[in-house]
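Below: the structure, in structure tokens.
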Amino acid sequence: MRTFSLCTALAALVLLSACARARVTTTIQKDGSWTRSLTFTGQAKKEGGTPNMGPTVQEVFAIPSGAAWKSKQETKKDDLVITVERVMAAGASLNGDLSLKDDKSPGKMRLVNQATVTRAGPRRYEYRETLKWKGGADHALGDIKPEDLAKIKADLPPAVATDENASALAQKVKELAIPMMFGPGDPLLAIGLIHPDLAERRASQRMGTLLVQALEQQFGDKLTLVQRREVARKMIQETFSSMKVSAPDPSSGPQPPANSSGMTPLMFIVKTGGRIISSNGEVDDLSGEVYWAMFEEAASFKDVIMTAIVEMPN
């Protein structure tokens, strides 16, 4: 597990704005056809040999192109904004319209998607989108190192402090920590940039009960409830500390482009003229939309699957 550093900037807000990001909107029509709109925002390539503060938007994303796509681009302040759009028939699927490039392997992708809208009953349609990680296995939390296992063993009572138990718990922490830090939902990574104490408190709140349950499943009555809670507290604190984002030193001045284009913010939105029947996303009652917010690493442990069923009016 490692400490992360995002795109170089002078402060946390500038830090985020310097990174490329994507907003993906799926608008479902009454007949089940759907419009797909993707907005990519990030740095444009600077002229005159001036180094960029991080990867350009085209270096991060494989922008969809071709006759089926309508495309436009504009400049907003220092950002280049590229918007592409196309109309899909009911039941059709899209593959790879959101693809993030692998900066270590030119021509390859580190994250790809598949999206579809299919009939789910009379006047009902299901949106389903899957994000698949194609990058290195150590991109999100890193490999479990001997020192990580040693810390976990130290947190356990001597009677159960074995390498096997420490390794199993490390995997469980990774399974819980990745969605907590990177989304979907409210990624604690974003909160941690400006309020690390609040983010650590949220981490304990979200992971605590689940980790205590995992300890009970693994050890049964070998650990008391008090011991399980104490082990969980220590593991959450150590895990969160190892994952904190480090902002750059403002006194160091402009930096050369980062080698990694990771930690990319992603937003997915479903719009419909009907009503949301069910979804694993966040429902905005005011707009009637569903959304999922995350960073790309959300898919690094297992596929991220977003679903929503909508019902159209008569």
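By order of appearance in the structure tokens: chains A, B, ..., then residues from 1 within every chain, and ligands from 1 in the order shown.
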Which neighbours of range 199-206 of chain A fall inside 10 Å, counting only C-alpha atoms, when residues of the same chain fewer than 2 positions from it are skipped, and could you give them as a PDB file with N, CA and C atoms, in the first residue's frame?
```pdb
ATOM      1  N   LEU A 176     -12.600  -3.713   1.028  1.00  0.00           N
ATOM      2  CA  LEU A 176     -13.432  -2.674   1.628  1.00  0.00           C
ATOM      3  C   LEU A 176     -12.919  -1.267   1.330  1.00  0.00           C
ATOM      4  N   ALA A 177     -11.610  -1.115   1.274  1.00  0.00           N
ATOM      5  CA  ALA A 177     -11.024   0.222   1.171  1.00  0.00           C
ATOM      6  C   ALA A 177     -11.120   0.822  -0.226  1.00  0.00           C
ATOM      7  N   MET A 180     -14.428   2.522  -0.816  1.00  0.00           N
ATOM      8  CA  MET A 180     -14.526   3.601   0.150  1.00  0.00           C
ATOM      9  C   MET A 180     -13.699   4.807  -0.291  1.00  0.00           C
ATOM     10  N   MET A 181     -12.495   4.558  -0.771  1.00  0.00           N
ATOM     11  CA  MET A 181     -11.604   5.651  -1.153  1.00  0.00           C
ATOM     12  C   MET A 181     -11.910   6.196  -2.541  1.00  0.00           C
ATOM     13  N   PRO A 187     -16.404   9.375  -2.862  1.00  0.00           N
ATOM     14  CA  PRO A 187     -15.032   8.911  -2.632  1.00  0.00           C
ATOM     15  C   PRO A 187     -14.349   9.728  -1.543  1.00  0.00           C
ATOM     16  N   LEU A 188     -13.819   9.032  -0.552  1.00  0.00           N
ATOM     17  CA  LEU A 188     -13.147   9.737   0.533  1.00  0.00           C
ATOM     18  C   LEU A 188     -11.855  10.394   0.072  1.00  0.00           C
ATOM     19  N   LEU A 189     -11.333   9.954  -1.058  1.00  0.00           N
ATOM     20  CA  LEU A 189     -10.129  10.581  -1.594  1.00  0.00           C
ATOM     21  C   LEU A 189     -10.348  12.072  -1.804  1.00  0.00           C
ATOM     22  N   ALA A 190     -11.507  12.446  -2.335  1.00  0.00           N
ATOM     23  CA  ALA A 190     -11.780  13.861  -2.596  1.00  0.00           C
ATOM     24  C   ALA A 190     -11.876  14.645  -1.293  1.00  0.00           C
ATOM     25  N   ILE A 191     -12.531  14.061  -0.280  1.00  0.00           N
ATOM     26  CA  ILE A 191     -12.634  14.731   1.015  1.00  0.00           C
ATOM     27  C   ILE A 191     -11.264  14.858   1.658  1.00  0.00           C
ATOM     28  N   GLY A 192     -10.442  13.810   1.486  1.00  0.00           N
ATOM     29  CA  GLY A 192      -9.138  13.794   2.116  1.00  0.00           C
ATOM     30  C   GLY A 192      -8.215  14.895   1.645  1.00  0.00           C
ATOM     31  N   LEU A 193      -8.444  15.431   0.453  1.00  0.00           N
ATOM     32  CA  LEU A 193      -7.601  16.504  -0.058  1.00  0.00           C
ATOM     33  C   LEU A 193      -7.730  17.776   0.772  1.00  0.00           C
ATOM     34  N   ILE A 194      -8.935  18.044   1.275  1.00  0.00           N
ATOM     35  CA  ILE A 194      -9.150  19.313   1.953  1.00  0.00           C
ATOM     36  C   ILE A 194      -9.520  19.146   3.425  1.00  0.00           C
ATOM     37  N   HIS A 195      -9.906  17.928   3.832  1.00  0.00           N
ATOM     38  CA  HIS A 195     -10.267  17.724   5.239  1.00  0.00           C
ATOM     39  C   HIS A 195      -9.894  16.285   5.629  1.00  0.00           C
ATOM     40  N   PRO A 196      -8.603  16.018   5.802  1.00  0.00           N
ATOM     41  CA  PRO A 196      -8.176  14.641   6.076  1.00  0.00           C
ATOM     42  C   PRO A 196      -8.746  14.070   7.365  1.00  0.00           C
ATOM     43  N   ASP A 197      -8.957  14.905   8.385  1.00  0.00           N
ATOM     44  CA  ASP A 197      -9.517  14.386   9.634  1.00  0.00           C
ATOM     45  C   ASP A 197     -10.940  13.876   9.436  1.00  0.00           C
ATOM     46  N   GLY A 208     -15.833   0.278   9.720  1.00  0.00           N
ATOM     47  CA  GLY A 208     -15.766  -0.326  11.036  1.00  0.00           C
ATOM     48  C   GLY A 208     -16.638  -1.548  11.217  1.00  0.00           C
ATOM     49  N   THR A 209     -17.922  -1.403  11.002  1.00  0.00           N
ATOM     50  CA  THR A 209     -18.858  -2.509  11.215  1.00  0.00           C
ATOM     51  C   THR A 209     -18.534  -3.694  10.313  1.00  0.00           C
ATOM     52  N   LEU A 210     -18.226  -3.403   9.039  1.00  0.00           N
ATOM     53  CA  LEU A 210     -17.929  -4.480   8.091  1.00  0.00           C
ATOM     54  C   LEU A 210     -16.662  -5.233   8.471  1.00  0.00           C
ATOM     55  N   LEU A 211     -15.662  -4.490   8.929  1.00  0.00           N
ATOM     56  CA  LEU A 211     -14.411  -5.143   9.296  1.00  0.00           C
ATOM     57  C   LEU A 211     -14.565  -5.957  10.575  1.00  0.00           C
ATOM     58  N   ALA A 232      -9.867  -3.792  14.384  1.00  0.00           N
ATOM     59  CA  ALA A 232     -10.464  -3.048  13.271  1.00  0.00           C
ATOM     60  C   ALA A 232     -10.042  -1.581  13.307  1.00  0.00           C
ATOM     61  N   ARG A 233     -10.050  -0.989  14.480  1.00  0.00           N
ATOM     62  CA  ARG A 233      -9.670   0.423  14.608  1.00  0.00           C
ATOM     63  C   ARG A 233      -8.241   0.656  14.142  1.00  0.00           C
ATOM     64  N   LYS A 234      -7.325  -0.197  14.591  1.00  0.00           N
ATOM     65  CA  LYS A 234      -5.924  -0.054  14.207  1.00  0.00           C
ATOM     66  C   LYS A 234      -5.723  -0.246  12.713  1.00  0.00           C
ATOM     67  N   MET A 235      -6.391  -1.239  12.137  1.00  0.00           N
ATOM     68  CA  MET A 235      -6.223  -1.529  10.713  1.00  0.00           C
ATOM     69  C   MET A 235      -6.768  -0.400   9.858  1.00  0.00           C
ATOM     70  N   ILE A 236      -7.912   0.153  10.227  1.00  0.00           N
ATOM     71  CA  ILE A 236      -8.490   1.261   9.466  1.00  0.00           C
ATOM     72  C   ILE A 236      -7.581   2.477   9.530  1.00  0.00           C
ATOM     73  N   GLN A 237      -7.065   2.776  10.707  1.00  0.00           N
ATOM     74  CA  GLN A 237      -6.197   3.937  10.880  1.00  0.00           C
ATOM     75  C   GLN A 237      -4.932   3.782  10.049  1.00  0.00           C
ATOM     76  N   THR A 239      -4.465   1.769   7.409  1.00  0.00           N
ATOM     77  CA  THR A 239      -4.791   1.724   5.986  1.00  0.00           C
ATOM     78  C   THR A 239      -5.053   3.111   5.446  1.00  0.00           C
ATOM     79  N   PHE A 240      -5.842   3.895   6.166  1.00  0.00           N
ATOM     80  CA  PHE A 240      -6.154   5.236   5.689  1.00  0.00           C
ATOM     81  C   PHE A 240      -4.904   6.105   5.640  1.00  0.00           C
ATOM     82  N   SER A 241      -4.046   5.997   6.639  1.00  0.00           N
ATOM     83  CA  SER A 241      -2.827   6.790   6.666  1.00  0.00           C
ATOM     84  C   SER A 241      -1.935   6.466   5.475  1.00  0.00           C
ATOM     85  N   LYS A 244      -3.310   8.260   2.192  1.00  0.00           N
ATOM     86  CA  LYS A 244      -3.556   9.692   2.132  1.00  0.00           C
ATOM     87  C   LYS A 244      -2.887  10.305   0.915  1.00  0.00           C
TER      88      LYS A 244
END
```
Which residue is closest to Glu85 in chain A? Choose from A:Ala68, A:Val270, A:Leu223, A:Ala44 and count only C-alpha atoms.
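The closest residue to Glu85 in chain A is A:Ala68.
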Compare A:Val231, A:Thr116, A:Lys134, A:Asp303 by their minimum atom-to-atom distance to Lys153 in chain A, counting only C-alpha atoms, and give me the closest one.
A:Val231
Can you check which residues of range 187-297 of chain A DSSP gives as alpha helix (DSSP H) on the backbone and send them as an NGL selection string?
:A and (188-194 or 196-219 or 225-243)
Please identify all polymer residues within 12 Å of range 159-168 of chain A, counting only C-alpha atoms, omitting same-chain residues fewer than 6 positions from it, and present them as a PyMOL selection string.
chain A and resi 143-153+174-175+214-215+217-223+227-228+231+235
Could you save those same residues with N, CA and C atoms as a short mmCIF file (atom, residue, chain, number, x, y, z; two decimals), in the first residue's frame?
```cif
data_model
loop_
_atom_site.label_atom_id
_atom_site.label_comp_id
_atom_site.auth_asym_id
_atom_site.auth_seq_id
_atom_site.Cartn_x
_atom_site.Cartn_y
_atom_site.Cartn_z
N ASP A 143 0.84 -3.81 -4.25
CA ASP A 143 0.98 -5.17 -3.74
C ASP A 143 1.03 -5.16 -2.22
N ILE A 144 0.61 -6.25 -1.64
CA ILE A 144 0.72 -6.39 -0.20
C ILE A 144 2.17 -6.75 0.12
N LYS A 145 2.85 -5.86 0.79
CA LYS A 145 4.27 -6.02 1.06
C LYS A 145 4.47 -6.71 2.40
N PRO A 146 5.67 -7.28 2.62
CA PRO A 146 5.96 -7.93 3.92
C PRO A 146 5.74 -6.99 5.10
N GLU A 147 6.09 -5.70 4.91
CA GLU A 147 5.89 -4.76 6.03
C GLU A 147 4.41 -4.53 6.33
N ASP A 148 3.55 -4.62 5.28
CA ASP A 148 2.11 -4.51 5.50
C ASP A 148 1.60 -5.67 6.35
N LEU A 149 2.04 -6.88 5.98
CA LEU A 149 1.63 -8.06 6.74
C LEU A 149 2.15 -8.01 8.17
N ALA A 150 3.36 -7.47 8.32
CA ALA A 150 3.93 -7.38 9.66
C ALA A 150 3.10 -6.45 10.55
N LYS A 151 2.60 -5.35 9.98
CA LYS A 151 1.76 -4.43 10.75
C LYS A 151 0.45 -5.09 11.16
N ILE A 152 -0.15 -5.84 10.22
CA ILE A 152 -1.41 -6.51 10.54
C ILE A 152 -1.20 -7.57 11.61
N LYS A 153 -0.12 -8.33 11.49
CA LYS A 153 0.18 -9.34 12.51
C LYS A 153 0.37 -8.70 13.88
N LYS A 174 -8.42 -4.50 1.58
CA LYS A 174 -8.36 -3.96 0.21
C LYS A 174 -9.75 -3.97 -0.42
N GLU A 175 -10.49 -5.05 -0.22
CA GLU A 175 -11.84 -5.15 -0.78
C GLU A 175 -12.75 -4.06 -0.24
N ALA A 214 -16.11 -9.09 9.52
CA ALA A 214 -15.14 -9.94 8.84
C ALA A 214 -14.22 -10.65 9.84
N LEU A 215 -13.83 -9.94 10.88
CA LEU A 215 -13.00 -10.54 11.92
C LEU A 215 -13.75 -11.65 12.66
N GLN A 217 -16.18 -13.50 11.35
CA GLN A 217 -16.29 -14.63 10.43
C GLN A 217 -14.98 -15.41 10.37
N GLN A 218 -13.86 -14.70 10.41
CA GLN A 218 -12.57 -15.37 10.27
C GLN A 218 -12.13 -16.06 11.56
N PHE A 219 -12.38 -15.43 12.70
CA PHE A 219 -11.82 -15.95 13.95
C PHE A 219 -12.86 -16.49 14.93
N GLY A 220 -14.13 -16.21 14.70
CA GLY A 220 -15.15 -16.71 15.61
C GLY A 220 -14.92 -16.22 17.02
N ASP A 221 -15.04 -17.14 17.99
CA ASP A 221 -14.89 -16.75 19.39
C ASP A 221 -13.43 -16.71 19.85
N LYS A 222 -12.49 -16.82 18.91
CA LYS A 222 -11.07 -16.68 19.27
C LYS A 222 -10.74 -15.24 19.63
N LEU A 223 -11.58 -14.30 19.14
CA LEU A 223 -11.42 -12.90 19.50
C LEU A 223 -12.71 -12.41 20.15
N GLN A 227 -11.76 -7.11 21.38
CA GLN A 227 -10.55 -7.33 20.58
C GLN A 227 -10.80 -7.07 19.10
N ARG A 228 -11.95 -7.52 18.60
CA ARG A 228 -12.26 -7.30 17.18
C ARG A 228 -12.34 -5.81 16.88
N VAL A 231 -8.76 -4.30 16.91
CA VAL A 231 -8.03 -4.68 15.70
C VAL A 231 -8.55 -3.89 14.50
N MET A 235 -6.39 -1.24 12.14
CA MET A 235 -6.22 -1.53 10.71
C MET A 235 -6.77 -0.40 9.86
#
```
With only C-alpha atoms as the atoms that count, which of A:Trp133, A:Arg124, A:Asn113, A:Phe268 lies nearest to Asp31 in chain A?
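Among the listed residues, the smallest separation from Asp31 in chain A belongs to A:Arg124.
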